[in-house]
Every structure is written in structure tokens, then in C-alpha cells.
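So the structure is just underneath, and the comments pick up after that.
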Amino acid sequence: MKKLSLLALTALLGACHSMHPAAKTSLDGEVFYLQRIALPPSATLSVSLQDVSLADAPAVVLDEQKGPVKGQVPLPFHLSYDPAQVKPGHRYSVSARIEVNGELMFITTENHAVQLDGNDPQPLKIRVDAVR
């Protein structure tokens, strides 16, 4: 009877473990720009973590944070991803954009590569440049 109870308990614990998704890992950082201008209250920030491995295909978004800007630069962000989504040999990047009333005002113009191996420096500093 003890063996049967132990076997049932082990099966139950295994089922519980498989019901919970894998732990997420996160990247924290801040978006900034060099111009000395304030953002209007209608500004929105969008930051995304993307797999940019394929040059001839759209980037695959692993996570994205979108919402109204609260305060002024630097603007904090938090991105989460499942480490199981990270594929060996793939390239990953963080990009950001600031829009005002649906019109693009600032965007990343440089590649902000991340390794997603737990050794990325945090907080990440992501510079956006004015759209002319």
C-alpha cells in the first residue's frame, strides 16, 4: 500500500509541475534620447525583444511592452521571455519607438543586440533618435 501511495503522489506532483509554464526570464532597461525636449502627455512608448536571425523575413517578437509614457526620459521598460524560446545560433535585439498621436517621433537606429544567456548587462540603455 505504501508503494501505491508513493507512486500516486509522485504522479500527482509530476502532473502539477507540468501544468505550470517554465519560469520567465526578463530584461530591464531604459529608453533615452539626447535632445533636450519634453515629451507631450499623449506620447506612447513601445519596446520589443525580437529574434532578428533571418535577414529576408520579418523579425519574430518574443515580447513587447506598449503604453503611455509616464514622466520623462529615461523611460523604464521590462521585457519577459521564456528561455526555451531562445535558439542557439540565433540573433536577438531590443528596439524601441516613441509615438505622439500615432505619429513616429523617435526610433532606434542602431542594433541593440542581446545574448539572452543571463549575462546581458542590466539595465539596458536603449537610445532612440528623432525622426526627421
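Residue numbering restarts at 1 for every chain of the C-alpha cells, chains are lettered A, B, ... in their displayed order, and ligands are numbered from 1 as they appear.
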Open item on the list: So that I can see what lies close to Lys66 of chain A, please list as number ranges by chain the residues with an atom at most 12 Å from it, counting only C-alpha atoms and leaving out residues fewer than 3 positions away in the same chain.
Closed with: A: 43-49, 63, 69-70, 75-79, 95-99
Could I get the residues of segment 50-92 of chain A with an atom no further than 12 Å from an atom of segment 105-115 of chain A, each paired with its nearest atom pair and that distance in Å to one decimal, using only C-alpha atoms, sorted by chain and residue number, as JSON lines?
```
{"residue": "A:Gln50", "atom": "CA", "partner": "A:Ala113", "partner_atom": "CA", "distance": 9.6}
{"residue": "A:Asp51", "atom": "CA", "partner": "A:Ala113", "partner_atom": "CA", "distance": 9.9}
{"residue": "A:Val52", "atom": "CA", "partner": "A:Ala113", "partner_atom": "CA", "distance": 9.4}
{"residue": "A:Ser53", "atom": "CA", "partner": "A:Ala113", "partner_atom": "CA", "distance": 11.2}
{"residue": "A:Pro83", "atom": "CA", "partner": "A:Gln115", "partner_atom": "CA", "distance": 11.2}
{"residue": "A:Val86", "atom": "CA", "partner": "A:Gln115", "partner_atom": "CA", "distance": 9.2}
{"residue": "A:Lys87", "atom": "CA", "partner": "A:Gln115", "partner_atom": "CA", "distance": 10.4}
{"residue": "A:Pro88", "atom": "CA", "partner": "A:Gln115", "partner_atom": "CA", "distance": 9.9}
{"residue": "A:Gly89", "atom": "CA", "partner": "A:Gln115", "partner_atom": "CA", "distance": 10.0}
{"residue": "A:His90", "atom": "CA", "partner": "A:Gln115", "partner_atom": "CA", "distance": 9.0}
{"residue": "A:Arg91", "atom": "CA", "partner": "A:Ala113", "partner_atom": "CA", "distance": 7.4}
{"residue": "A:Tyr92", "atom": "CA", "partner": "A:Val114", "partner_atom": "CA", "distance": 5.5}
```
Export, as an mmCIF file, in the first residue's frame, the selected residues with all heavy atoms.
```
data_model
loop_
_atom_site.group_PDB
_atom_site.id
_atom_site.type_symbol
_atom_site.label_atom_id
_atom_site.label_comp_id
_atom_site.auth_asym_id
_atom_site.auth_seq_id
_atom_site.Cartn_x
_atom_site.Cartn_y
_atom_site.Cartn_z
ATOM 1 N N GLN A 50 13.198 40.989 -30.068
ATOM 2 C CA GLN A 50 12.948 40.286 -31.320
ATOM 3 C C GLN A 50 14.073 39.329 -31.683
ATOM 4 O O GLN A 50 15.234 39.581 -31.388
ATOM 5 C CB GLN A 50 12.808 41.311 -32.466
ATOM 6 C CG GLN A 50 11.757 42.354 -32.234
ATOM 7 C CD GLN A 50 11.798 43.450 -33.292
ATOM 8 O OE1 GLN A 50 12.804 43.651 -33.967
ATOM 9 N NE2 GLN A 50 10.701 44.162 -33.428
ATOM 10 N N ASP A 51 13.684 38.250 -32.364
ATOM 11 C CA ASP A 51 14.633 37.342 -32.995
ATOM 12 C C ASP A 51 14.860 37.905 -34.396
ATOM 13 O O ASP A 51 13.938 37.934 -35.214
ATOM 14 C CB ASP A 51 14.046 35.926 -33.059
ATOM 15 C CG ASP A 51 15.003 34.926 -33.694
ATOM 16 O OD1 ASP A 51 15.922 35.321 -34.437
ATOM 17 O OD2 ASP A 51 14.808 33.709 -33.453
ATOM 18 N N VAL A 52 16.060 38.405 -34.669
ATOM 19 C CA VAL A 52 16.368 39.054 -35.948
ATOM 20 C C VAL A 52 17.322 38.204 -36.790
ATOM 21 O O VAL A 52 18.103 38.726 -37.582
ATOM 22 C CB VAL A 52 16.945 40.474 -35.718
ATOM 23 C CG1 VAL A 52 15.909 41.396 -35.126
ATOM 24 C CG2 VAL A 52 18.182 40.434 -34.826
ATOM 25 N N SER A 53 17.248 36.893 -36.634
ATOM 26 C CA SER A 53 18.180 35.983 -37.301
ATOM 27 C C SER A 53 18.023 35.928 -38.816
ATOM 28 O O SER A 53 19.004 35.812 -39.535
ATOM 29 C CB SER A 53 18.030 34.570 -36.734
ATOM 30 O OG SER A 53 18.260 34.584 -35.353
ATOM 31 N N PRO A 83 13.021 31.278 -21.641
ATOM 32 C CA PRO A 83 14.339 30.831 -22.109
ATOM 33 C C PRO A 83 14.254 29.678 -23.115
ATOM 34 O O PRO A 83 15.157 29.506 -23.934
ATOM 35 C CB PRO A 83 15.052 30.389 -20.833
ATOM 36 C CG PRO A 83 14.340 31.069 -19.725
ATOM 37 C CD PRO A 83 12.920 31.250 -20.189
ATOM 38 N N VAL A 86 14.649 30.724 -26.749
ATOM 39 C CA VAL A 86 15.959 31.160 -27.221
ATOM 40 C C VAL A 86 16.637 29.988 -27.935
ATOM 41 O O VAL A 86 16.826 28.931 -27.353
ATOM 42 C CB VAL A 86 16.822 31.677 -26.049
ATOM 43 C CG1 VAL A 86 18.202 32.081 -26.540
ATOM 44 C CG2 VAL A 86 16.120 32.828 -25.348
ATOM 45 N N LYS A 87 16.994 30.219 -29.203
ATOM 46 C CA LYS A 87 17.579 29.151 -30.019
ATOM 47 C C LYS A 87 19.061 29.410 -30.239
ATOM 48 O O LYS A 87 19.454 30.531 -30.552
ATOM 49 C CB LYS A 87 16.851 29.082 -31.361
ATOM 50 C CG LYS A 87 15.382 28.743 -31.209
ATOM 51 C CD LYS A 87 14.663 28.762 -32.535
ATOM 52 C CE LYS A 87 13.194 28.477 -32.295
ATOM 53 N NZ LYS A 87 12.334 29.188 -33.195
ATOM 54 N N PRO A 88 19.886 28.376 -30.088
ATOM 55 C CA PRO A 88 21.330 28.538 -30.317
ATOM 56 C C PRO A 88 21.591 29.033 -31.737
ATOM 57 O O PRO A 88 20.950 28.602 -32.691
ATOM 58 C CB PRO A 88 21.889 27.124 -30.129
ATOM 59 C CG PRO A 88 20.836 26.366 -29.397
ATOM 60 C CD PRO A 88 19.527 27.016 -29.725
ATOM 61 N N GLY A 89 22.517 29.970 -31.870
ATOM 62 C CA GLY A 89 22.888 30.490 -33.181
ATOM 63 C C GLY A 89 21.990 31.602 -33.691
ATOM 64 O O GLY A 89 22.273 32.186 -34.735
ATOM 65 N N HIS A 90 20.912 31.915 -32.978
ATOM 66 C CA HIS A 90 20.028 32.995 -33.417
ATOM 67 C C HIS A 90 20.513 34.316 -32.838
ATOM 68 O O HIS A 90 21.228 34.359 -31.841
ATOM 69 C CB HIS A 90 18.586 32.718 -32.973
ATOM 70 C CG HIS A 90 17.880 31.749 -33.863
ATOM 71 N ND1 HIS A 90 16.602 31.952 -34.327
ATOM 72 C CD2 HIS A 90 18.273 30.557 -34.382
ATOM 73 C CE1 HIS A 90 16.243 30.939 -35.082
ATOM 74 N NE2 HIS A 90 17.245 30.072 -35.123
ATOM 75 N N ARG A 91 20.112 35.416 -33.495
ATOM 76 C CA ARG A 91 20.471 36.756 -33.036
ATOM 77 C C ARG A 91 19.223 37.446 -32.492
ATOM 78 O O ARG A 91 18.151 37.361 -33.090
ATOM 79 C CB ARG A 91 21.067 37.577 -34.181
ATOM 80 C CG ARG A 91 22.402 37.043 -34.650
ATOM 81 C CD ARG A 91 23.007 37.847 -35.796
ATOM 82 N NE ARG A 91 22.119 37.877 -36.955
ATOM 83 C CZ ARG A 91 21.570 38.987 -37.470
ATOM 84 N NH1 ARG A 91 21.825 40.158 -36.957
ATOM 85 N NH2 ARG A 91 20.763 38.918 -38.507
ATOM 86 N N TYR A 92 19.389 38.138 -31.353
ATOM 87 C CA TYR A 92 18.274 38.812 -30.689
ATOM 88 C C TYR A 92 18.604 40.282 -30.489
ATOM 89 O O TYR A 92 19.778 40.646 -30.296
ATOM 90 C CB TYR A 92 17.966 38.130 -29.352
ATOM 91 C CG TYR A 92 17.545 36.694 -29.551
ATOM 92 C CD1 TYR A 92 18.478 35.667 -29.493
ATOM 93 C CD2 TYR A 92 16.225 36.378 -29.852
ATOM 94 C CE1 TYR A 92 18.103 34.350 -29.713
ATOM 95 C CE2 TYR A 92 15.849 35.064 -30.077
ATOM 96 C CZ TYR A 92 16.784 34.058 -30.008
ATOM 97 O OH TYR A 92 16.418 32.759 -30.243
#
```
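Backbone DSSP of chain A yields alpha helix (DSSP H) at Lys2, Lys3, Leu4, Ser5, Leu6, Leu7, Ala8, Leu9, Thr10, Ala11, Leu12, Leu13, Gly14, Ala15, Cys16, His17, Ser18 and Met19 of chain A.
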Open item on the list: What does the structure give for the distance between atom CA of Tyr81 of chain A and atom CA of Leu116 of chain A, in Å to one decimal?
Closed with: 9.1 Å
TODO: Within chain A, find each residue whose DSSP state, derived from the backbone, is strand (DSSP E or B), and express the selection as a PyMOL selection string.
DONE: chain A and resi 25-32+43-51+60-68+75-81+92-100+103-107+113-114+124-127+129-130
Could you give me, as a short mmCIF file (atom, residue, chain, number, x, y, z; two decimals) with N, CA and C atoms, in the first residue's frame, the residues within 12 Å of Ala38 of chain A, counting only C-alpha atoms and dropping anything in the same chain fewer than 3 positions from it?
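Dumped everything to result_9.cif:
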```cif
data_model
loop_
_atom_site.label_atom_id
_atom_site.label_comp_id
_atom_site.auth_asym_id
_atom_site.auth_seq_id
_atom_site.Cartn_x
_atom_site.Cartn_y
_atom_site.Cartn_z
N PHE A 32 16.19 56.28 -23.83
CA PHE A 32 16.51 57.70 -23.70
C PHE A 32 16.81 58.30 -25.06
N TYR A 33 16.81 59.64 -25.13
CA TYR A 33 17.24 60.35 -26.32
C TYR A 33 18.07 61.54 -25.88
N LEU A 34 18.86 62.09 -26.81
CA LEU A 34 19.80 63.15 -26.46
C LEU A 34 19.21 64.56 -26.55
N GLN A 35 18.13 64.74 -27.34
CA GLN A 35 17.53 66.06 -27.49
C GLN A 35 16.99 66.55 -26.15
N PRO A 41 2.05 64.76 -23.08
CA PRO A 41 1.30 63.72 -22.35
C PRO A 41 0.72 62.62 -23.25
N SER A 42 0.57 62.89 -24.54
CA SER A 42 -0.02 61.89 -25.45
C SER A 42 1.02 60.92 -26.02
N ALA A 43 2.28 61.02 -25.59
CA ALA A 43 3.34 60.15 -26.12
C ALA A 43 3.17 58.72 -25.63
N VAL A 69 3.56 57.03 -22.07
CA VAL A 69 4.79 57.44 -21.39
C VAL A 69 4.41 58.05 -20.05
N LYS A 70 5.09 57.60 -19.02
CA LYS A 70 4.87 58.15 -17.68
C LYS A 70 6.14 58.91 -17.30
N GLY A 71 6.07 60.23 -17.29
CA GLY A 71 7.23 61.04 -16.96
C GLY A 71 8.08 61.35 -18.18
N GLN A 72 9.35 61.61 -17.93
CA GLN A 72 10.28 61.99 -18.99
C GLN A 72 11.44 61.00 -19.02
N VAL A 73 12.31 61.15 -20.03
CA VAL A 73 13.44 60.24 -20.18
C VAL A 73 14.38 60.34 -18.98
N PRO A 74 15.01 59.24 -18.61
CA PRO A 74 14.93 57.91 -19.22
C PRO A 74 13.62 57.20 -18.85
N VAL A 100 3.76 60.07 -30.94
CA VAL A 100 2.89 61.09 -30.38
C VAL A 100 1.68 61.20 -31.29
N MET A 105 7.94 59.70 -33.52
CA MET A 105 8.76 60.84 -33.12
C MET A 105 10.22 60.42 -32.91
#
```
If we count only C-alpha atoms and set the cut-off at 8 Å, which residues sit around Gln122 of chain A, ignoring sequence neighbours fewer than 6 positions away in its own chain? Please answer as a PDB file with N, CA and C atoms, in the first residue's frame.
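Saved the output as part_35.pdb:
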```pdb
ATOM      1  N   LEU A  27      14.389  41.141 -19.109  1.00  0.00           N
ATOM      2  CA  LEU A  27      15.364  42.177 -19.429  1.00  0.00           C
ATOM      3  C   LEU A  27      14.764  43.495 -18.956  1.00  0.00           C
ATOM      4  N   ASP A  28      15.515  44.241 -18.188  1.00  0.00           N
ATOM      5  CA  ASP A  28      15.071  45.557 -17.740  1.00  0.00           C
ATOM      6  C   ASP A  28      16.004  46.602 -18.311  1.00  0.00           C
ATOM      7  N   GLY A  29      15.452  47.770 -18.554  1.00  0.00           N
ATOM      8  CA  GLY A  29      16.289  48.832 -19.092  1.00  0.00           C
ATOM      9  C   GLY A  29      15.565  50.143 -19.148  1.00  0.00           C
TER      10      GLY A  29
END
```
- [ ] Between A:Ala84, A:Val94, A:Leu62, A:Val31, single out the one closest to Asp129 of chain A, counting only C-alpha atoms.
- [x] A:Val31
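With distances restricted to only C-alpha atoms, A:Pro68 is the closest residue to Asn101 of chain A from A:Glu30, A:Val61, A:Pro68, A:Ala23.
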